[in-house]
Amino acid sequence: MRIPPRTRIIASSLAMLGLIAAAQAPVSAQEFPNRAIEIIVPLSAGGVSDIAVRKLAPSMSKTLGAPVVIENQPGAGATLGTGAAAKATPDGYTVALAAASSFSINPHLRKNLPYDPVKSFEPVCRIGGSPSVLVAHPSLGVKSVQELIEKAKEGNLSFASSGPGTPSHLAQELLKARTNVQFLHVPYRGTSQSVTDAIGGHVQLLFESPGAISGAVRTKELIGLGILSPKRLPALPDVPTFEELGFEGMELIGWIGLVVPAGTPTEVIDKLEKACHDAVSSPDFQKLADEQGLLVAYAPREEFRKHIASELNKWGELVQRSGLKPE
């Protein structure tokens, strides 16, 4: 029987559609992940946060069954890399390191921020953070926070920071608020210079992360007075927490965690969260954290979501107290 031309065209078209669908089916059915995952770190390489994420990457790769690569995109106080991550395709293949500087402080200091810390991202997990450590130069002649307070009442003491609006600066504001004493703020352009001048005795006091000053504390070049942390750190076992010293509720931690662009599918976030949990829980990561003065404080995404909101308010109050205005 002869098939009419029109019927043959319809049949050919249907067959072609079937082939296209068959060709596309394996692609759409492939489970996440099927290619490399990129973690954008909006900070320079070599810092504690960068080191921590690079330690997590191999373990996350093993859990996910796909490569996990790190891409440093520093600049504008972590704004550039964070903004780029916010605009990425929400498919789970772009993850960002969220930090207190970019999520808790920047919204209060920078106008026209290219992202919203709450609306632009979905949390994956909290990793932990670096608590601020108060140190003094030996020439100041104080060995405790109480002695420092008494000394400060005699006149303004010089207090270094790594820059206006940084955690090391805002930790000063917290101390001033709780002790009702004033200090002369001496801002530097970065951690390295502020630590160098503190060790040299050009400034008397400094709040900084453990990784930056723990070596100087161990060699007695700086005197460790207190940590804004819920517990002592293995890297600085002889430095008490402020709570131990009678200052309740004085905690200030430069936290870090992982986030993905808003709109990322829930089932994809589930897998990333599981990989993060496995990596943070590993003995190797805990060992690194102890060495770097990093306080491990894993939290799943819903707990991390609440943490981001509360920290935004907490750091915002300190920024307001400092008198800094958005630029």
# chains A, B, ... in the order shown; residues from 1 in each chain; ligands from 1
call {"tool": "residues_around", "arguments": {"residues": "A:Arg189", "least_positions_apart": "5", "cutoff": "12 Å", "atoms": "only C-alpha atoms", "output": "PyMOL selection string"}}
result
chain A and resi 77+160-166+168-169+194-197
call {"tool": "write_last_selection", "arguments": {"atoms": "N, CA and C atoms", "output": "compact mmCIF listing (two decimals), in the first residue's frame"}}
result
# COMPACT_ATOMS: atom_id res chain seq x y z
N GLY A 77 36.73 44.81 49.47
CA GLY A 77 36.26 44.27 50.74
C GLY A 77 35.36 43.06 50.59
N ALA A 160 45.40 49.59 67.56
CA ALA A 160 45.50 49.38 66.12
C ALA A 160 44.34 48.55 65.59
N SER A 161 44.07 48.69 64.30
CA SER A 161 43.12 47.81 63.61
C SER A 161 43.61 47.65 62.18
N SER A 162 43.07 46.67 61.49
CA SER A 162 43.44 46.44 60.09
C SER A 162 42.67 47.33 59.14
N GLY A 163 41.87 48.27 59.68
CA GLY A 163 41.15 49.22 58.85
C GLY A 163 39.79 49.54 59.42
N PRO A 164 39.23 50.70 59.10
CA PRO A 164 37.89 51.06 59.58
C PRO A 164 36.83 50.06 59.12
N GLY A 165 36.00 49.63 60.04
CA GLY A 165 34.92 48.71 59.70
C GLY A 165 35.31 47.26 59.63
N THR A 166 36.57 46.94 59.90
CA THR A 166 37.01 45.54 59.90
C THR A 166 36.66 44.90 61.25
N SER A 168 38.59 43.66 63.39
CA SER A 168 39.54 44.10 64.43
C SER A 168 39.17 45.49 64.96
N HIS A 169 38.57 46.32 64.11
CA HIS A 169 38.11 47.64 64.56
C HIS A 169 36.83 47.51 65.38
N SER A 194 49.35 46.20 60.63
CA SER A 194 48.91 46.47 62.00
C SER A 194 49.60 45.52 62.99
N VAL A 195 49.74 44.25 62.61
CA VAL A 195 50.41 43.29 63.48
C VAL A 195 51.89 43.64 63.62
N THR A 196 52.53 44.01 62.52
CA THR A 196 53.95 44.38 62.55
C THR A 196 54.20 45.55 63.49
N ASP A 197 53.34 46.56 63.42
CA ASP A 197 53.53 47.73 64.27
C ASP A 197 53.17 47.44 65.73
call {"tool": "closest_atom_pairs", "arguments": {"of": "stretch 68-142 of chain A", "to": "stretch 234-247 of chain A", "cutoff": "12 Å", "atoms": "only C-alpha atoms", "output": "CSV"}}
result
residue,atom,partner,partner_atom,distance
A:Ser130,CA,A:Ala235,CA,11.5
A:Pro131,CA,A:Thr241,CA,10.0
A:Ser132,CA,A:Thr241,CA,10.3
A:Val133,CA,A:Val239,CA,8.6
A:Leu134,CA,A:Val239,CA,9.3
A:Val135,CA,A:Val239,CA,9.7
call {"tool": "closest_residue", "arguments": {"among": "A:Ser282, A:Asn112, A:Ser139, A:Thr179", "to": "A:Gly201", "atoms": "only C-alpha atoms"}}
result
A:Ser139
call {"tool": "atom_distance", "arguments": {"atom1": "atom CA of A:Asp284", "atom2": "atom CA of A:Ser59"}}
result
9.7 Å
call {"tool": "closest_atom_pairs", "arguments": {"of": "stretch 145-209 of chain A", "to": "stretch 311-319 of chain A", "cutoff": "8 Å", "atoms": "only C-alpha atoms", "output": "CSV"}}
result
residue,atom,partner,partner_atom,distance
A:Gly165,CA,A:Val319,CA,6.7
A:Leu170,CA,A:Leu318,CA,6.0
A:Glu173,CA,A:Leu318,CA,6.2
A:Leu174,CA,A:Leu318,CA,6.7
call {"tool": "select_by_dssp", "arguments": {"residues": "stretch 66-263 of chain A", "states": "alpha helix (DSSP H)", "output": "number ranges by chain"}}
result
A: 79-86, 100, 106-109, 145-152, 167-179, 191-199, 210-218
call {"tool": "atom_distance", "arguments": {"atom1": "atom CA of A:Ala289", "atom2": "atom CA of A:Ala52"}}
result
7.5 Å
call {"tool": "closest_residue", "arguments": {"among": "A:Ser322, A:Ser229, A:Ser144, A:Thr79", "to": "A:Val296", "atoms": "only C-alpha atoms"}}
result
A:Ser229
call {"tool": "select_by_dssp", "arguments": {"residues": "stretch 36-235 of chain A", "states": "strand (DSSP E)", "output": "PDB file with C-alpha atoms, in the first residue's frame"}}
result
ATOM      1  CA  ILE A  37      31.936  22.678  41.143  1.00  0.00           C
ATOM      2  CA  GLU A  38      33.538  26.078  41.693  1.00  0.00           C
ATOM      3  CA  ILE A  39      33.795  27.727  45.113  1.00  0.00           C
ATOM      4  CA  ILE A  40      34.313  31.471  44.789  1.00  0.00           C
ATOM      5  CA  VAL A  41      36.432  32.837  47.629  1.00  0.00           C
ATOM      6  CA  VAL A  68      35.665  20.972  43.614  1.00  0.00           C
ATOM      7  CA  VAL A  69      37.906  23.871  42.576  1.00  0.00           C
ATOM      8  CA  ILE A  70      38.671  27.160  44.342  1.00  0.00           C
ATOM      9  CA  GLU A  71      38.527  30.497  42.523  1.00  0.00           C
ATOM     10  CA  ASN A  72      39.836  33.533  44.422  1.00  0.00           C
ATOM     11  CA  THR A  94      28.827  27.913  41.711  1.00  0.00           C
ATOM     12  CA  VAL A  95      29.229  28.062  45.488  1.00  0.00           C
ATOM     13  CA  ALA A  96      30.514  31.064  47.429  1.00  0.00           C
ATOM     14  CA  LEU A  97      32.383  31.502  50.659  1.00  0.00           C
ATOM     15  CA  ALA A  98      30.241  33.741  52.861  1.00  0.00           C
ATOM     16  CA  ALA A  99      32.059  35.664  55.585  1.00  0.00           C
ATOM     17  CA  PHE A 121      21.694  33.542  48.437  1.00  0.00           C
ATOM     18  CA  GLU A 122      20.590  30.258  49.922  1.00  0.00           C
ATOM     19  CA  PRO A 123      22.682  29.014  52.864  1.00  0.00           C
ATOM     20  CA  VAL A 124      24.456  25.655  52.563  1.00  0.00           C
ATOM     21  CA  CYS A 125      26.348  25.336  55.846  1.00  0.00           C
ATOM     22  CA  ARG A 126      28.249  27.272  58.462  1.00  0.00           C
ATOM     23  CA  ILE A 127      31.850  26.164  58.879  1.00  0.00           C
ATOM     24  CA  GLY A 128      33.086  28.144  61.879  1.00  0.00           C
ATOM     25  CA  GLY A 129      35.171  31.248  62.331  1.00  0.00           C
ATOM     26  CA  SER A 130      38.061  33.127  63.852  1.00  0.00           C
ATOM     27  CA  PRO A 131      37.345  34.887  67.160  1.00  0.00           C
ATOM     28  CA  VAL A 133      41.964  38.066  70.303  1.00  0.00           C
ATOM     29  CA  LEU A 134      43.001  41.061  72.386  1.00  0.00           C
ATOM     30  CA  VAL A 135      46.772  41.491  72.641  1.00  0.00           C
ATOM     31  CA  ALA A 136      49.017  44.133  74.181  1.00  0.00           C
ATOM     32  CA  LEU A 157      45.837  54.131  74.756  1.00  0.00           C
ATOM     33  CA  SER A 158      46.635  53.511  71.076  1.00  0.00           C
ATOM     34  CA  PHE A 159      44.590  50.684  69.589  1.00  0.00           C
ATOM     35  CA  ALA A 160      45.499  49.382  66.117  1.00  0.00           C
ATOM     36  CA  SER A 161      43.123  47.813  63.605  1.00  0.00           C
ATOM     37  CA  PHE A 183      40.941  54.244  73.152  1.00  0.00           C
ATOM     38  CA  LEU A 184      42.767  56.036  70.357  1.00  0.00           C
ATOM     39  CA  HIS A 185      41.898  54.125  67.182  1.00  0.00           C
ATOM     40  CA  VAL A 186      44.858  53.770  64.798  1.00  0.00           C
ATOM     41  CA  PRO A 187      43.610  52.209  61.534  1.00  0.00           C
ATOM     42  CA  LEU A 205      46.861  47.272  71.663  1.00  0.00           C
ATOM     43  CA  LEU A 206      45.309  45.184  68.916  1.00  0.00           C
ATOM     44  CA  PHE A 207      42.358  42.900  68.307  1.00  0.00           C
ATOM     45  CA  GLU A 208      43.121  40.330  65.606  1.00  0.00           C
ATOM     46  CA  ILE A 223      50.689  39.521  75.555  1.00  0.00           C
ATOM     47  CA  GLY A 224      47.401  37.674  75.047  1.00  0.00           C
ATOM     48  CA  LEU A 225      44.732  39.202  77.295  1.00  0.00           C
ATOM     49  CA  GLY A 226      41.441  37.681  76.194  1.00  0.00           C
ATOM     50  CA  ILE A 227      39.492  35.979  73.407  1.00  0.00           C
TER      51      ILE A 227
END
call {"tool": "residues_around", "arguments": {"residues": "A:Leu56", "least_positions_apart": "5", "cutoff": "8 Å", "atoms": "only C-alpha atoms", "output": "number ranges by chain"}}
result
A: 276, 279-280, 285
call {"tool": "write_last_selection", "arguments": {"atoms": "N, CA and C atoms", "output": "tab-separated table (two decimals), in the first residue's frame"}}
result
chain	number	residue	atom	x	y	z
A	276	CYS	N	29.49	19.27	52.76
A	276	CYS	CA	30.09	20.21	53.70
A	276	CYS	C	30.17	19.60	55.10
A	279	ALA	N	32.98	17.07	55.31
A	279	ALA	CA	34.30	17.69	55.25
A	279	ALA	C	34.65	18.40	56.56
A	280	VAL	N	33.69	19.15	57.11
A	280	VAL	CA	33.95	19.89	58.34
A	280	VAL	C	34.13	18.93	59.52
A	285	PHE	N	40.33	18.18	59.09
A	285	PHE	CA	39.93	19.59	59.13
A	285	PHE	C	40.03	20.13	60.55
call {"tool": "atom_distance", "arguments": {"atom1": "atom CA of A:Phe103", "atom2": "atom CA of A:His307"}}
result
10.8 Å
call {"tool": "closest_residue", "arguments": {"among": "A:Pro283, A:Tyr188, A:Val260, A:Gln292", "to": "A:Asp50", "atoms": "only C-alpha atoms"}}
result
A:Gln292
call {"tool": "closest_residue", "arguments": {"among": "A:Pro300, A:Pro58, A:Gly249, A:Pro326", "to": "A:Arg178", "atoms": "only C-alpha atoms"}}
result
A:Gly249
call {"tool": "residues_around", "arguments": {"residues": "stretch 62-65 of chain A", "least_positions_apart": "4", "cutoff": "10 Å", "atoms": "only C-alpha atoms", "output": "ChimeraX atom specification"}}
result
/A:32-37,57-58,271-272,274-279
call {"tool": "residues_around", "arguments": {"residues": "stretch 83-91 of chain A", "least_positions_apart": "4", "cutoff": "6 Å", "atoms": "only C-alpha atoms", "output": "ChimeraX atom specification"}}
result
/A:79,114-115,120,261,263-264
call {"tool": "residues_around", "arguments": {"residues": "A:Gly155", "least_positions_apart": "5", "cutoff": "12 Å", "atoms": "only C-alpha atoms", "output": "ChimeraX atom specification"}}
result
/A:148-150,181-184
